[in-house]
Amino acid sequence: MKFTVLSLFPEILQGFFESSIMAKAVERGAIEYELVNIRDFAFDRHKTCDDAPYGGGAGMVMKAEPLSLALESVKAAGKRTVYMSPSGRKFDQALAAELSAEKEIIILCGRYEGVDQRIIDTYIDTELSIGDYVLSSGETAALVVIDAVYRLIDGVISSESLEEESFARGLLEYPHYTRPEVFQGIKVPDILLSGHHANIEKWRLRKSLEKTIKYRPDLLEKRVMTEEENNVLNDILRRETGEDLNGFNQSN
Ligand code: 4GY
């Protein structure tokens, strides 16, 4: 798979493609990338890429001509082309999986107040938001998308690790421990040292559910639960509230 990124500050992205697991994936040819500096497509004396907004107001807008030349240079028309923006479609694990099936994705990163709307209308398939907050530019958001997508490509990460991940199962992760057994007087939970795999799995499920209730109850509302999950969930809720969920969203 190829990531093509258009940016005024490609250095922000370069380091990521040169580091650790990504660098190895690039070396093996599993991942290709191309960083395009939009300023290379501004041809006036000052290589101007921004201008004041029509209609007035604060800030500057990225000009259409350099952007379109940069996009044409990578043949963006007809390829999956996304624009990082807080007013876009919310990026999530399901969309990461969808994008990981593409042969190439082109990511446009904006600065200032954003890009001229005609660029979005002409070249962009999807405006993508990584969350409800405003960044100073699209590059850090693009890094988030690239990271979430590339690790799903075959052979980048072991499929075993991917399947175990929380979002693959729709719950938050259970806690992890490694040596030493006692750290600052806090001992690793005995069950993890017991070697009893069925009980360990059950404990992990309980911890995942407790954490999901605490931080992301919205995930549970949408989720279809197995009977075991529902039993553990009801047990947690009985302890906390004395209430029961009555087979809430159970699949069988
Ligand atoms: N949130 N998700 C985001 C962002 C910065 C001005 C347009 C986000 O994706 N991108 O906050 N982007 C703005 C900065 C130009 C992008």
# chains A, B, ... in the order shown; residues from 1 in each chain; ligands from 1
>>> residues_near_ligand(ligand="ligand 1", cutoff="9 Å", atoms="only C-alpha atoms and all ligand atoms", output="ChimeraX atom specification")
/A:61-62,83-91,109-115,127-142,144-145
>>> residues_around(residues="stretch 46-55 of chain A", least_positions_apart="4", cutoff="12 Å", atoms="only C-alpha atoms", output="PyMOL selection string")
chain A and resi 7-8+37-42+59-70+110-117
>>> select_by_dssp(residues="stretch 43-219 of chain A", states="alpha helix (DSSP H)", output="PyMOL selection string")
chain A and resi 64-73+93-99+117-123+139-150+159-164+166-169+197-215+217-219
>>> write_last_selection(atoms="C-alpha atoms", output="tab-separated table (two decimals), in the first residue's frame")
chain	number	residue	atom	x	y	z
A	64	ALA	CA	-6.21	26.64	-5.06
A	65	GLU	CA	-3.55	26.78	-7.82
A	66	PRO	CA	-0.54	25.27	-5.96
A	67	LEU	CA	-2.84	22.69	-4.34
A	68	SER	CA	-4.32	21.59	-7.66
A	69	LEU	CA	-0.89	21.33	-9.30
A	70	ALA	CA	0.37	19.26	-6.34
A	71	LEU	CA	-2.71	17.02	-6.52
A	72	GLU	CA	-2.41	16.63	-10.32
A	73	SER	CA	1.29	15.73	-9.92
A	93	GLN	CA	-11.06	1.54	13.62
A	94	ALA	CA	-13.66	0.42	11.03
A	95	LEU	CA	-12.61	3.22	8.67
A	96	ALA	CA	-8.94	2.38	9.28
A	97	ALA	CA	-9.72	-1.19	8.19
A	98	GLU	CA	-11.55	0.07	5.11
A	99	LEU	CA	-8.66	2.35	4.11
A	117	GLN	CA	-13.37	24.98	-0.95
A	118	ARG	CA	-13.02	24.36	-4.70
A	119	ILE	CA	-10.10	21.99	-3.97
A	120	ILE	CA	-12.33	19.96	-1.66
A	121	ASP	CA	-15.16	19.95	-4.21
A	122	THR	CA	-12.89	18.85	-7.06
A	123	TYR	CA	-10.43	16.39	-5.53
A	139	GLU	CA	-0.07	16.83	9.57
A	140	THR	CA	-0.43	15.41	13.08
A	141	ALA	CA	-3.93	14.16	12.21
A	142	ALA	CA	-2.54	12.54	9.04
A	143	LEU	CA	0.07	10.74	11.19
A	144	VAL	CA	-2.72	9.30	13.33
A	145	VAL	CA	-4.54	7.99	10.25
A	146	ILE	CA	-1.38	6.58	8.65
A	147	ASP	CA	-0.39	4.84	11.90
A	148	ALA	CA	-3.82	3.27	12.42
A	149	VAL	CA	-4.00	2.11	8.76
A	150	TYR	CA	-0.49	0.82	8.02
A	159	SER	CA	-2.43	-11.13	13.17
A	160	GLU	CA	-2.51	-12.57	16.69
A	161	SER	CA	-1.73	-9.15	18.22
A	162	LEU	CA	-4.36	-7.48	16.03
A	163	GLU	CA	-7.13	-9.91	17.01
A	164	GLU	CA	-6.44	-9.48	20.71
A	166	SER	CA	-9.58	-4.00	22.32
A	167	PHE	CA	-11.26	-2.29	19.40
A	168	ALA	CA	-11.25	-5.50	17.39
A	169	ARG	CA	-13.51	-6.82	20.18
A	197	HIS	CA	-6.02	-19.74	31.56
A	198	ALA	CA	-9.81	-19.93	31.71
A	199	ASN	CA	-9.89	-17.87	34.91
A	200	ILE	CA	-7.39	-15.40	33.48
A	201	GLU	CA	-9.60	-14.88	30.42
A	202	LYS	CA	-12.61	-14.36	32.63
A	203	TRP	CA	-10.72	-11.84	34.80
A	204	ARG	CA	-9.57	-9.97	31.68
A	205	LEU	CA	-13.12	-9.83	30.36
A	206	ARG	CA	-14.31	-8.44	33.70
A	207	LYS	CA	-11.58	-5.78	33.70
A	208	SER	CA	-12.37	-4.84	30.08
A	209	LEU	CA	-16.05	-4.46	30.91
A	210	GLU	CA	-15.34	-2.44	34.09
A	211	LYS	CA	-13.14	-0.07	32.17
A	212	THR	CA	-15.63	0.25	29.30
A	213	ILE	CA	-18.44	1.08	31.75
A	214	LYS	CA	-16.27	3.73	33.37
A	215	TYR	CA	-14.90	5.49	30.29
A	217	PRO	CA	-20.47	3.30	28.16
A	218	ASP	CA	-21.48	4.32	24.60
A	219	LEU	CA	-19.54	1.28	23.31
>>> select_by_dssp(residues="stretch 5-142 of chain A", states="strand (DSSP E or B)", output="compact mmCIF listing (two decimals) with C-alpha atoms, in the first residue's frame")
# COMPACT_ATOMS: atom_id res chain seq x y z
CA VAL A 5 0.86 13.00 1.61
CA LEU A 6 0.65 16.61 0.44
CA SER A 7 1.83 19.13 3.00
CA GLU A 32 5.44 2.82 -0.01
CA TYR A 33 5.20 6.53 0.63
CA GLU A 34 5.64 9.83 -1.17
CA LEU A 35 5.77 13.21 0.55
CA VAL A 36 4.91 16.16 -1.65
CA ASN A 37 5.77 19.69 -0.59
CA ASP A 50 -1.96 31.34 1.10
CA ASP A 51 -4.10 34.42 0.67
CA VAL A 61 -6.72 30.34 3.18
CA MET A 62 -4.54 27.93 1.18
CA ARG A 80 -8.91 7.71 -2.74
CA THR A 81 -8.10 11.26 -1.61
CA VAL A 82 -8.81 12.51 1.90
CA TYR A 83 -8.51 15.90 3.60
CA MET A 84 -7.78 16.12 7.32
CA SER A 85 -10.32 18.42 8.94
CA PRO A 86 -12.23 18.68 12.22
CA SER A 87 -15.41 19.11 10.15
CA GLY A 88 -15.05 15.72 8.47
CA ARG A 89 -16.29 12.17 8.99
CA LYS A 90 -15.11 10.75 12.31
CA GLU A 104 -3.00 4.00 -2.46
CA ILE A 105 -4.42 6.81 -0.37
CA ILE A 106 -3.65 10.47 -0.87
CA ILE A 107 -3.84 12.66 2.23
CA LEU A 108 -4.05 16.44 1.97
CA VAL A 115 -7.91 25.07 1.84
CA THR A 126 -13.76 12.22 2.21
CA GLU A 127 -12.99 14.86 4.81
CA LEU A 128 -11.62 12.97 7.80
CA SER A 129 -11.66 14.09 11.45
>>> atom_distance(atom1="atom CA of A:Lys103", atom2="atom CA of A:Pro10")
21.5 Å
>>> atom_distance(atom1="atom CA of A:Asp154", atom2="atom CA of A:Glu11")
26.9 Å
>>> atom_distance(atom1="atom CA of A:Arg151", atom2="atom CA of A:Met22")
8.3 Å
>>> decode(residues="stretch 214-227 of chain A", atoms="C-alpha atoms", output="PDB file, in the first residue's frame")
ATOM      1  CA  LYS A 214     -16.265   3.735  33.369  1.00  0.00           C
ATOM      2  CA  TYR A 215     -14.904   5.487  30.292  1.00  0.00           C
ATOM      3  CA  ARG A 216     -16.936   4.428  27.240  1.00  0.00           C
ATOM      4  CA  PRO A 217     -20.465   3.304  28.159  1.00  0.00           C
ATOM      5  CA  ASP A 218     -21.479   4.320  24.602  1.00  0.00           C
ATOM      6  CA  LEU A 219     -19.537   1.281  23.309  1.00  0.00           C
ATOM      7  CA  LEU A 220     -21.680  -1.051  25.415  1.00  0.00           C
ATOM      8  CA  GLU A 221     -24.957   0.456  24.266  1.00  0.00           C
ATOM      9  CA  LYS A 222     -24.221  -0.479  20.638  1.00  0.00           C
ATOM     10  CA  ARG A 223     -22.625  -3.808  21.365  1.00  0.00           C
ATOM     11  CA  VAL A 224     -24.231  -7.230  20.975  1.00  0.00           C
ATOM     12  CA  MET A 225     -23.055  -9.186  24.032  1.00  0.00           C
ATOM     13  CA  THR A 226     -22.386 -12.887  24.401  1.00  0.00           C
ATOM     14  CA  GLU A 227     -24.088 -14.688  27.264  1.00  0.00           C
TER      15      GLU A 227
END
